[in-house]
Structure formats: structure tokens, C-alpha cells
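The file my_file.cif comes next; it holds mmCIF, C-alpha atoms.
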data_start
loop_
_atom_site.label_atom_id
_atom_site.label_comp_id
_atom_site.auth_asym_id
_atom_site.auth_seq_id
_atom_site.Cartn_x
_atom_site.Cartn_y
_atom_site.Cartn_z
CA MET A 166 101.78 156.15 111.57
CA THR A 167 100.90 155.65 107.94
CA ASP A 168 101.90 153.67 104.88
CA ALA A 169 101.17 156.53 102.49
CA ALA A 170 103.67 159.19 101.56
CA PRO A 171 102.68 162.18 103.71
CA SER A 172 101.95 165.59 102.24
CA ALA A 173 104.03 168.61 103.19
CA ALA A 174 101.30 169.69 105.61
CA SER A 175 101.14 166.35 107.42
CA ARG A 176 104.71 165.13 107.24
CA ILE A 177 105.82 162.76 109.99
CA ALA A 178 108.54 163.94 112.37
CA VAL A 179 110.17 161.51 114.82
CA VAL A 180 111.72 163.05 117.92
CA THR A 181 113.91 160.98 120.24
CA GLY A 182 114.37 161.90 123.88
CA ALA A 183 110.99 163.65 123.77
CA SER A 184 110.10 163.11 127.43
CA SER A 185 111.51 166.43 128.65
CA GLY A 186 113.71 169.44 127.89
CA ILE A 187 114.75 170.12 124.31
CA GLY A 188 113.03 167.01 122.97
CA ALA A 189 109.63 167.86 124.44
CA ALA A 190 109.93 171.50 123.38
CA THR A 191 110.89 170.47 119.84
CA ALA A 192 107.92 168.12 119.63
CA ARG A 193 105.59 170.94 120.65
CA GLN A 194 107.00 173.35 118.08
CA LEU A 195 107.07 170.84 115.21
CA ALA A 196 103.45 169.94 116.00
CA GLN A 197 102.56 173.63 115.87
CA ALA A 198 104.38 173.85 112.53
CA GLY A 199 102.03 171.21 111.11
CA TYR A 200 104.02 168.01 111.47
CA ARG A 201 102.57 164.71 112.60
CA VAL A 202 104.90 164.06 115.53
CA VAL A 203 106.02 160.69 116.86
CA LEU A 204 107.36 161.03 120.41
CA THR A 205 109.95 158.50 121.54
CA ALA A 206 111.70 158.11 124.88
CA ARG A 207 112.18 155.48 127.56
CA ARG A 208 109.73 157.11 129.99
CA LYS A 209 106.34 156.00 128.73
CA ASP A 210 104.35 158.11 131.19
CA ARG A 211 106.09 161.33 130.15
CA ILE A 212 105.60 160.96 126.40
CA GLU A 213 102.02 159.75 126.81
CA ALA A 214 101.24 162.84 128.89
CA LEU A 215 102.82 165.06 126.23
CA ALA A 216 100.90 163.25 123.50
CA GLU A 217 97.64 163.88 125.38
CA GLU A 218 98.52 167.57 125.75
CA LEU A 219 99.27 168.02 122.07
CA THR A 220 96.31 165.95 120.92
CA ALA A 221 94.01 168.09 123.07
CA ALA A 222 95.45 171.13 121.30
CA GLY A 223 94.39 169.67 117.96
CA HIS A 224 97.71 168.17 116.81
CA SER A 225 98.41 164.69 115.43
CA VAL A 226 100.77 162.95 117.85
CA THR A 227 101.80 159.38 118.69
CA ALA A 228 103.78 158.24 121.74
CA TYR A 229 106.12 155.25 121.33
CA PRO A 230 108.28 154.11 124.28
CA LEU A 231 111.78 153.42 122.96
CA ASP A 232 115.32 152.95 124.22
CA VAL A 233 117.55 154.15 121.38
CA THR A 234 120.41 151.94 122.59
CA ASP A 235 118.31 148.80 121.98
CA ARG A 236 118.90 148.09 118.30
CA ALA A 237 116.27 145.36 118.04
CA ALA A 238 113.64 147.69 119.51
CA VAL A 239 114.72 150.50 117.19
CA ASP A 240 114.46 148.25 114.14
CA GLU A 241 110.98 147.12 115.20
CA PHE A 242 109.94 150.75 115.63
CA ALA A 243 111.33 151.73 112.22
CA SER A 244 109.51 148.87 110.47
CA ALA A 245 106.21 150.71 111.02
CA PHE A 246 107.16 153.44 108.52
CA ARG A 247 107.45 153.48 104.77
CA THR A 248 108.23 157.19 104.71
CA ILE A 249 108.99 159.91 107.24
CA GLY A 250 110.01 163.50 106.67
CA VAL A 251 112.06 164.42 109.72
CA LEU A 252 114.17 162.65 112.33
CA VAL A 253 115.36 164.69 115.31
CA ASN A 254 118.11 162.80 117.13
CA ASN A 255 117.87 164.45 120.53
CA ALA A 256 118.28 161.57 122.99
CA GLY A 257 121.51 161.84 124.96
CA GLY A 258 122.97 163.57 127.96
CA ALA A 259 125.95 164.02 130.26
CA LEU A 260 127.04 162.00 133.27
CA GLY A 261 129.64 163.23 135.77
CA ALA A 262 132.23 165.97 135.64
CA ASP A 263 135.37 164.16 136.76
CA PRO A 264 138.80 164.65 135.23
CA VAL A 265 140.21 162.03 132.89
CA ALA A 266 142.43 160.65 135.65
CA THR A 267 139.46 159.64 137.80
CA GLY A 268 136.56 159.47 135.34
CA ASP A 269 134.15 156.56 135.63
CA PRO A 270 134.50 154.27 132.58
CA GLU A 271 130.90 153.10 133.05
CA GLN A 272 129.64 156.70 132.73
CA TRP A 273 131.77 157.17 129.62
CA ARG A 274 130.32 153.99 128.12
CA ARG A 275 126.73 155.02 128.86
CA MET A 276 127.28 158.48 127.37
CA TYR A 277 128.78 156.99 124.21
CA GLU A 278 126.00 154.45 123.84
CA THR A 279 123.21 157.00 124.27
CA ASN A 280 124.65 159.99 122.42
CA VAL A 281 126.51 158.21 119.62
CA LEU A 282 125.24 154.66 119.16
CA GLY A 283 121.68 155.76 119.89
CA THR A 284 121.92 158.34 117.12
CA LEU A 285 123.51 155.76 114.84
CA ASN A 286 120.83 153.16 115.56
CA VAL A 287 117.84 155.41 114.86
CA THR A 288 119.43 157.11 111.86
CA GLN A 289 120.39 153.83 110.21
CA ALA A 290 116.98 152.31 110.86
CA LEU A 291 114.99 155.29 109.53
CA LEU A 292 117.26 156.40 106.68
CA PRO A 293 115.40 154.29 104.08
CA ALA A 294 112.08 155.88 105.11
CA LEU A 295 113.63 159.35 105.07
CA THR A 296 115.00 158.71 101.58
CA ALA A 297 111.70 157.26 100.36
CA SER A 298 109.92 160.47 101.36
CA GLY A 299 111.80 162.30 98.62
CA ASP A 300 112.46 165.16 101.01
CA GLY A 301 113.95 163.91 104.29
CA THR A 302 115.80 165.71 107.06
CA VAL A 303 118.06 164.23 109.72
CA VAL A 304 118.71 166.52 112.67
CA VAL A 305 121.50 165.75 115.13
CA VAL A 306 121.26 167.73 118.35
CA SER A 307 124.88 167.74 119.46
CA SER A 308 126.46 170.39 121.69
CA THR A 309 129.17 173.01 121.71
CA ALA A 310 130.97 170.26 123.67
CA GLY A 311 131.33 168.59 120.28
CA HIS A 312 133.37 171.54 119.01
CA GLY A 313 135.63 172.37 121.95
CA THR A 314 136.95 170.88 125.15
CA TYR A 315 136.73 171.84 128.81
CA GLU A 316 138.12 170.46 132.04
CA GLY A 317 135.95 167.91 133.77
CA GLY A 318 133.94 167.16 130.66
CA ALA A 319 136.08 164.72 128.69
CA GLY A 320 133.58 161.85 128.62
CA TYR A 321 130.71 164.01 127.40
CA VAL A 322 133.00 166.01 125.10
CA ALA A 323 134.30 162.80 123.53
CA ALA A 324 130.77 161.53 122.92
CA LYS A 325 129.58 164.81 121.42
CA HIS A 326 132.68 165.07 119.19
CA ALA A 327 131.81 161.59 117.90
CA GLU A 328 128.21 162.64 117.31
CA HIS A 329 129.40 165.70 115.37
CA VAL A 330 131.65 163.50 113.21
CA LEU A 331 128.75 161.11 112.61
CA ALA A 332 126.62 163.95 111.24
CA GLU A 333 129.45 165.43 109.19
CA THR A 334 130.37 162.09 107.64
CA LEU A 335 126.77 161.10 106.92
CA ARG A 336 126.30 164.36 105.03
CA LEU A 337 129.27 163.50 102.82
CA GLU A 338 128.14 159.94 102.25
CA ILE A 339 124.53 160.66 101.24
CA VAL A 340 125.05 163.84 99.22
CA GLY A 341 122.94 163.60 96.08
CA THR A 342 120.09 161.84 97.86
CA PRO A 343 116.93 163.72 98.91
CA VAL A 344 117.99 163.85 102.57
CA ARG A 345 119.50 166.81 104.43
CA VAL A 346 121.71 166.43 107.51
CA ILE A 347 121.49 169.29 110.01
CA GLU A 348 123.53 169.61 113.18
CA ILE A 349 122.33 171.93 115.95
CA ALA A 350 124.97 172.51 118.64
CA PRO A 351 123.56 174.28 121.72
CA GLY A 352 125.72 175.88 124.36
CA MET A 353 124.47 176.55 127.89
CA VAL A 354 120.83 175.50 128.09
CA ARG A 355 118.97 175.51 131.38
CA THR A 356 116.47 172.64 131.44
CA GLU A 357 114.85 170.87 134.34
CA GLU A 358 116.99 167.74 134.09
CA PHE A 359 120.28 168.09 132.17
CA ALA A 360 122.58 169.31 134.97
CA LEU A 361 120.63 167.42 137.62
CA THR A 362 121.20 164.16 135.75
CA ARG A 363 124.85 165.00 135.21
CA PHE A 364 125.41 165.44 138.92
CA ASP A 365 123.39 162.39 139.96
CA GLY A 366 120.52 164.39 141.40
CA ASP A 367 122.64 166.87 143.37
CA ALA A 368 120.51 170.02 143.05
CA GLU A 369 123.17 172.28 144.59
CA LYS A 370 125.83 171.26 142.07
CA ALA A 371 123.33 171.53 139.24
CA ALA A 372 122.35 175.06 140.26
CA LYS A 373 125.99 176.20 140.28
CA VAL A 374 126.28 175.51 136.55
CA TYR A 375 123.94 178.43 135.88
CA GLU A 376 124.79 180.57 138.91
CA GLY A 377 125.06 184.25 138.01
CA VAL A 378 124.23 183.71 134.34
CA ALA A 379 121.51 186.23 133.50
CA GLU A 380 119.76 184.31 130.75
CA PRO A 381 120.90 180.81 129.79
CA LEU A 382 119.18 179.37 126.75
CA THR A 383 115.88 177.60 127.33
CA ALA A 384 114.62 174.39 125.75
CA ASP A 385 112.22 176.52 123.72
CA ASP A 386 115.12 178.58 122.35
CA VAL A 387 116.78 175.46 120.99
CA ALA A 388 113.49 173.99 119.75
CA ASP A 389 112.84 177.23 117.87
CA THR A 390 116.25 176.92 116.22
CA ILE A 391 115.63 173.29 115.27
CA THR A 392 112.19 174.07 113.85
CA TRP A 393 113.55 177.01 111.86
CA ALA A 394 116.28 174.84 110.33
CA VAL A 395 113.89 172.01 109.50
CA THR A 396 111.37 174.32 107.84
CA ARG A 397 113.85 175.95 105.43
CA PRO A 398 113.16 175.26 101.73
CA SER A 399 114.21 171.76 100.69
CA HIS A 400 117.28 172.94 98.77
CA VAL A 401 118.62 174.82 101.81
CA ASN A 402 120.75 172.82 104.26
CA ILE A 403 121.83 174.26 107.60
CA ASP A 404 124.96 172.12 107.96
CA LEU A 405 125.86 173.34 111.44
CA LEU A 406 124.26 175.92 113.68
CA VAL A 407 125.90 176.80 117.00
CA VAL A 408 123.56 178.58 119.40
CA ARG A 409 124.64 180.05 122.74
CA PRO A 410 123.24 182.56 125.18
CA ARG A 411 124.68 186.05 124.83
CA ALA A 412 126.43 185.57 128.18
CA GLN A 413 128.49 182.64 126.86
CA ALA A 414 131.40 183.21 124.51
CA SER A 415 132.85 179.69 124.66
CA ASN A 416 132.58 176.50 126.69
CA THR A 417 134.80 178.07 129.35
CA LYS A 418 134.08 181.79 129.00
CA VAL A 419 130.78 182.78 130.61
CA ALA A 420 129.75 186.17 132.00
CA ARG A 421 128.38 185.76 135.53
CA GLU A 422 126.78 188.44 137.64
CA ARG A 423 128.12 188.70 141.16
#
Structure rendered as C-alpha cells:
Amino acid sequence: MTDAAPSAASRIAVVTGASSGIGAATARQLAQAGYRVVLTARRKDRIEALAEELTAAGHSVTAYPLDVTDRAAVDEFASAFRTIGVLVNNAGGALGADPVATGDPEQWRRMYETNVLGTLNVTQALLPALTASGDGTVVVVSSTAGHGTYEGGAGYVAAKHAEHVLAETLRLEIVGTPVRVIEIAPGMVRTEEFALTRFDGDAEKAAKVYEGVAEPLTADDVADTITWAVTRPSHVNIDLLVVRPRAQASNTKVARER
């Protein structure tokens, strides 16, 4: 962390949800692209291990344990920065796959707080530092769930639609300032935890999500997309980029090998 405005070669990038999956992969790729990366997540041991890995590889990395739903903690974290160049709002996730009629309101609340209010908290807290940089970028990692519906996914779909609207509205509200707003909406991504978390640790249910799909996206695929969008020239804004595996045509249309 620094009080001085960073140069283009050493710009600070904050990544939320950096303990695994897309967040960890994005941190690795942004570090390789020359950013000074700040890793945030609730799991201190995970981000510290990643920070050690990247530091050993010669990158500048800081680990900062953070729950994005805790506004006081987020504000304290943000107070350490005068300027930052990039914020990647990646923290989030899905819980359950029940229909609306029997969905668990507590799971819906947790998904909304993490995906939507977490993104709101960190974006609000760091927007002054992003603006002060003179060349800031806010990335919102949403989902194709934010652009279409599917049975059994209403709670997650509702949260991701809200996250999409947050990004779209913020872009309208801050146009004319030196801050871009980029939304990356991945489709089917196979990571070590997403489906497992959704199904409360049930490995069999988690495996069925990807059953027969030749090549789901990987965390590295999405991280590559995020890094590409972030490293476009300052005047170029990738408003929305939807990325799916070739085998997936929509949220409900997926080619599966038998």
C-alpha cells in the first residue's frame, strides 16, 4: 500500500474473493501483467499462501483479510489508500438450487449480501481512490445468471441481476470521470469450490453440473478475460463481456456428451 500515485507499471489492483477460483486466478494474472495486487478474502490462510507464492515469483502482493459484507471493515481497509488503479469485485457465490416455492430465505439473503451489498460496499469505499488515480477501473464479475433465468436458480439469478444493474447504473452515474466500469459475465466455469459450495459440500451433486460437458471454462479463462479488459487503453471501455464455453449456448442449453 502506498500514499503516492502509482505509475502505470506499478498500479495497485484490489481483488476481492481472492482466496480461490476466479479471484485467485485473476490475482495471478494481474500480478504477471505488472500490477501491485492486494488480495482480499475472509480466509486469511488462503490469501497469505497466495501472497507468498506470488511474492516468491517476484511480484508485489499484499494479503488483507476482509469480509466485504462488513461495511466498517471495508471502510477501514479503504482508508489505507489515496489512489488505486483497479478494483475487481469478484467476491460472491451461489447457495442452493431450490425452486421459488421452497427456496430458503436465509440463502437468498446471504447471496444478496455477498454478491450485491458486498460489491456496493467495496465500490463505494474505493471509488474516491479510483477517481483520484486519474485512470481507474471498476470490474464487476457477475454471471450469465444476471442476464437470463433458469429453474432452480432464482435466488442467485436475482442477486446477479441486481449486480448487473449496479454496474450498469454506476457507469451512467460516473460518466465523465476518469473511471471505467467493466462487467464480465461468465457462463459455466468449473472451479474447485463454486458448485460444491452451492450444494453444501455434496460432491456428487456438484459433479453433475459439469457431467458430460467436454470443456467448461476454467478460472484461468475468466481471469484472462478480466485481465484483457482491464489492460485495454484508458479510453476503451468493455461495458459488458459475456464469456461461455463453446458447449454452452445459454443458461439452459448445454451440449453434453453421453
### Message
Residues proximal to (118.7, 169.8, 111.1) were defined as those with any atom within 9 Å of that point in the file's coordinates, counting only C-alpha atoms. Which are they, as a PyMOL selection string?
### Response
chain A and resi 251-253+302-306+345-349+391-395+402-406
### Query
Could you name the residues that touch region 210-215 of chain A at 8 Å or less, counting only C-alpha atoms, but leaving out those on the same chain fewer than 5 positions away, as a list in words?
Ala183, Ser184, Ser185, Ala189, Leu204, Thr205, Ala228, Tyr229 and Pro230 of chain A
### Query
Hey, which of A:Ser307, A:Ile187, A:Thr314, A:Val265 ends up closest to Glu333 (chain A)? Count all atoms listed in the file.
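Among the listed residues, the smallest separation from Glu333 (chain A) belongs to A:Ser307.
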### Query
Which one of A:Thr417, A:Thr220, A:Thr383, A:Thr234 sits closest to Thr284 (chain A) if you count all atoms listed in the file?
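When distances to Thr284 (chain A) are compared using all atoms listed in the file, the smallest one comes from A:Thr234.
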### Task
Quick one: pull the distance between CA of Gly311 (chain A) and CA of Ser415 (chain A), Å, one decimal.
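So the answer is 12.0 Å.
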### Message
My list of candidates is A:Val239, A:Val354, A:Ala368, A:Ala178. Which is closest to Leu382 (chain A) when distances are computed with all atoms listed in the file?
### Response
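Looking at the shortest contact to Leu382 (chain A), the residue is A:Val354.
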### Task
Mind giving me the straight-line distance from CA of Val387 (chain A) to CA of Thr181 (chain A) in Å, one decimal?
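Answer for the CA of Val387 (chain A) to CA of Thr181 (chain A) separation: 14.8 Å.
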### Task
Give as a VMD selection string the residues that the PyMOL selection byres ((chain A and resi 244) around 12) matches when applied to the coordinates above.
chain A and resid 166 to 168 237 to 243 245 to 249 287 289 to 294
### Message
Which residue is closest to Glu316 (chain A)? Choose from A:Ala190, A:Ala262, A:Leu285, A:Val226 and count all atoms listed in the file.
### Response
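The shortest atom-to-atom distance to Glu316 (chain A) comes from A:Ala262.
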### Query
What is the CA of Ala414 (chain A)-CA of Phe359 (chain A) distance in Å, reported with one decimal?
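That distance, rounded to one decimal, is 20.3 Å.
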### Summary
Tyr375 (chain A) proximity check over A:Asn255, A:Thr356, A:Gln197, A:Asn280, using all atoms listed in the file: winner is A:Thr356
### Query
With only C-alpha atoms as the atoms that count, which of A:Arg274, A:Asp263, A:Val233, A:Thr334 lies nearest to Asn286 (chain A)?
A:Val233
Take every atom of region 365-370 of chain A listed in the file, pad by 5 Å on each side, and give me the axis-aligned box centre and edge lengths in Å, one decimal, as lines of an AutoDock Vina configuration file.
center_x = 123.2
center_y = 167.3
center_z = 142.3
size_x = 15.3
size_y = 19.9
size_z = 14.6
### Query
Can you list, as a ChimeraX atom specification, every protein, DNA or RNA residue that comes within 6 Å of Gly182 (chain A) when you count only C-alpha atoms, leaving out same-chain residues fewer than 3 positions away?
/A:188,206,255-256
Near region 360-366 of chain A, within 10 Å and counting only C-alpha atoms, which residues show up once chain neighbours fewer than 6 positions away are dropped, as a PDB file with C-alpha atoms, in the frame of the given file?
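Generated output (selection_8.pdb):
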ATOM      1  CA  GLY A 258     122.970 163.570 127.960  1.00  0.00           C
ATOM      2  CA  ALA A 259     125.950 164.020 130.260  1.00  0.00           C
ATOM      3  CA  LEU A 260     127.040 162.000 133.270  1.00  0.00           C
ATOM      4  CA  GLY A 261     129.640 163.230 135.770  1.00  0.00           C
ATOM      5  CA  ALA A 262     132.230 165.970 135.640  1.00  0.00           C
ATOM      6  CA  GLN A 272     129.640 156.700 132.730  1.00  0.00           C
ATOM      7  CA  TYR A 321     130.710 164.010 127.400  1.00  0.00           C
ATOM      8  CA  VAL A 354     120.830 175.500 128.090  1.00  0.00           C
ATOM      9  CA  ALA A 372     122.350 175.060 140.260  1.00  0.00           C
ATOM     10  CA  LYS A 373     125.990 176.200 140.280  1.00  0.00           C
ATOM     11  CA  VAL A 374     126.280 175.510 136.550  1.00  0.00           C
ATOM     12  CA  TYR A 375     123.940 178.430 135.880  1.00  0.00           C
TER      13      TYR A 375
END
### Task
Report as a ChimeraX atom specification the full result of the PyMOL selection byres ((chain A and resi 351) around 6) when it is applied to this structure.
/A:308-309,350,352,407-409
### Task
Given the file shown, enumerate the residues that the PyMOL selection byres ((chain A and resi 410) around 7) captures and present them as a PyMOL selection string.
chain A and resi 353+380-382+409+411-413
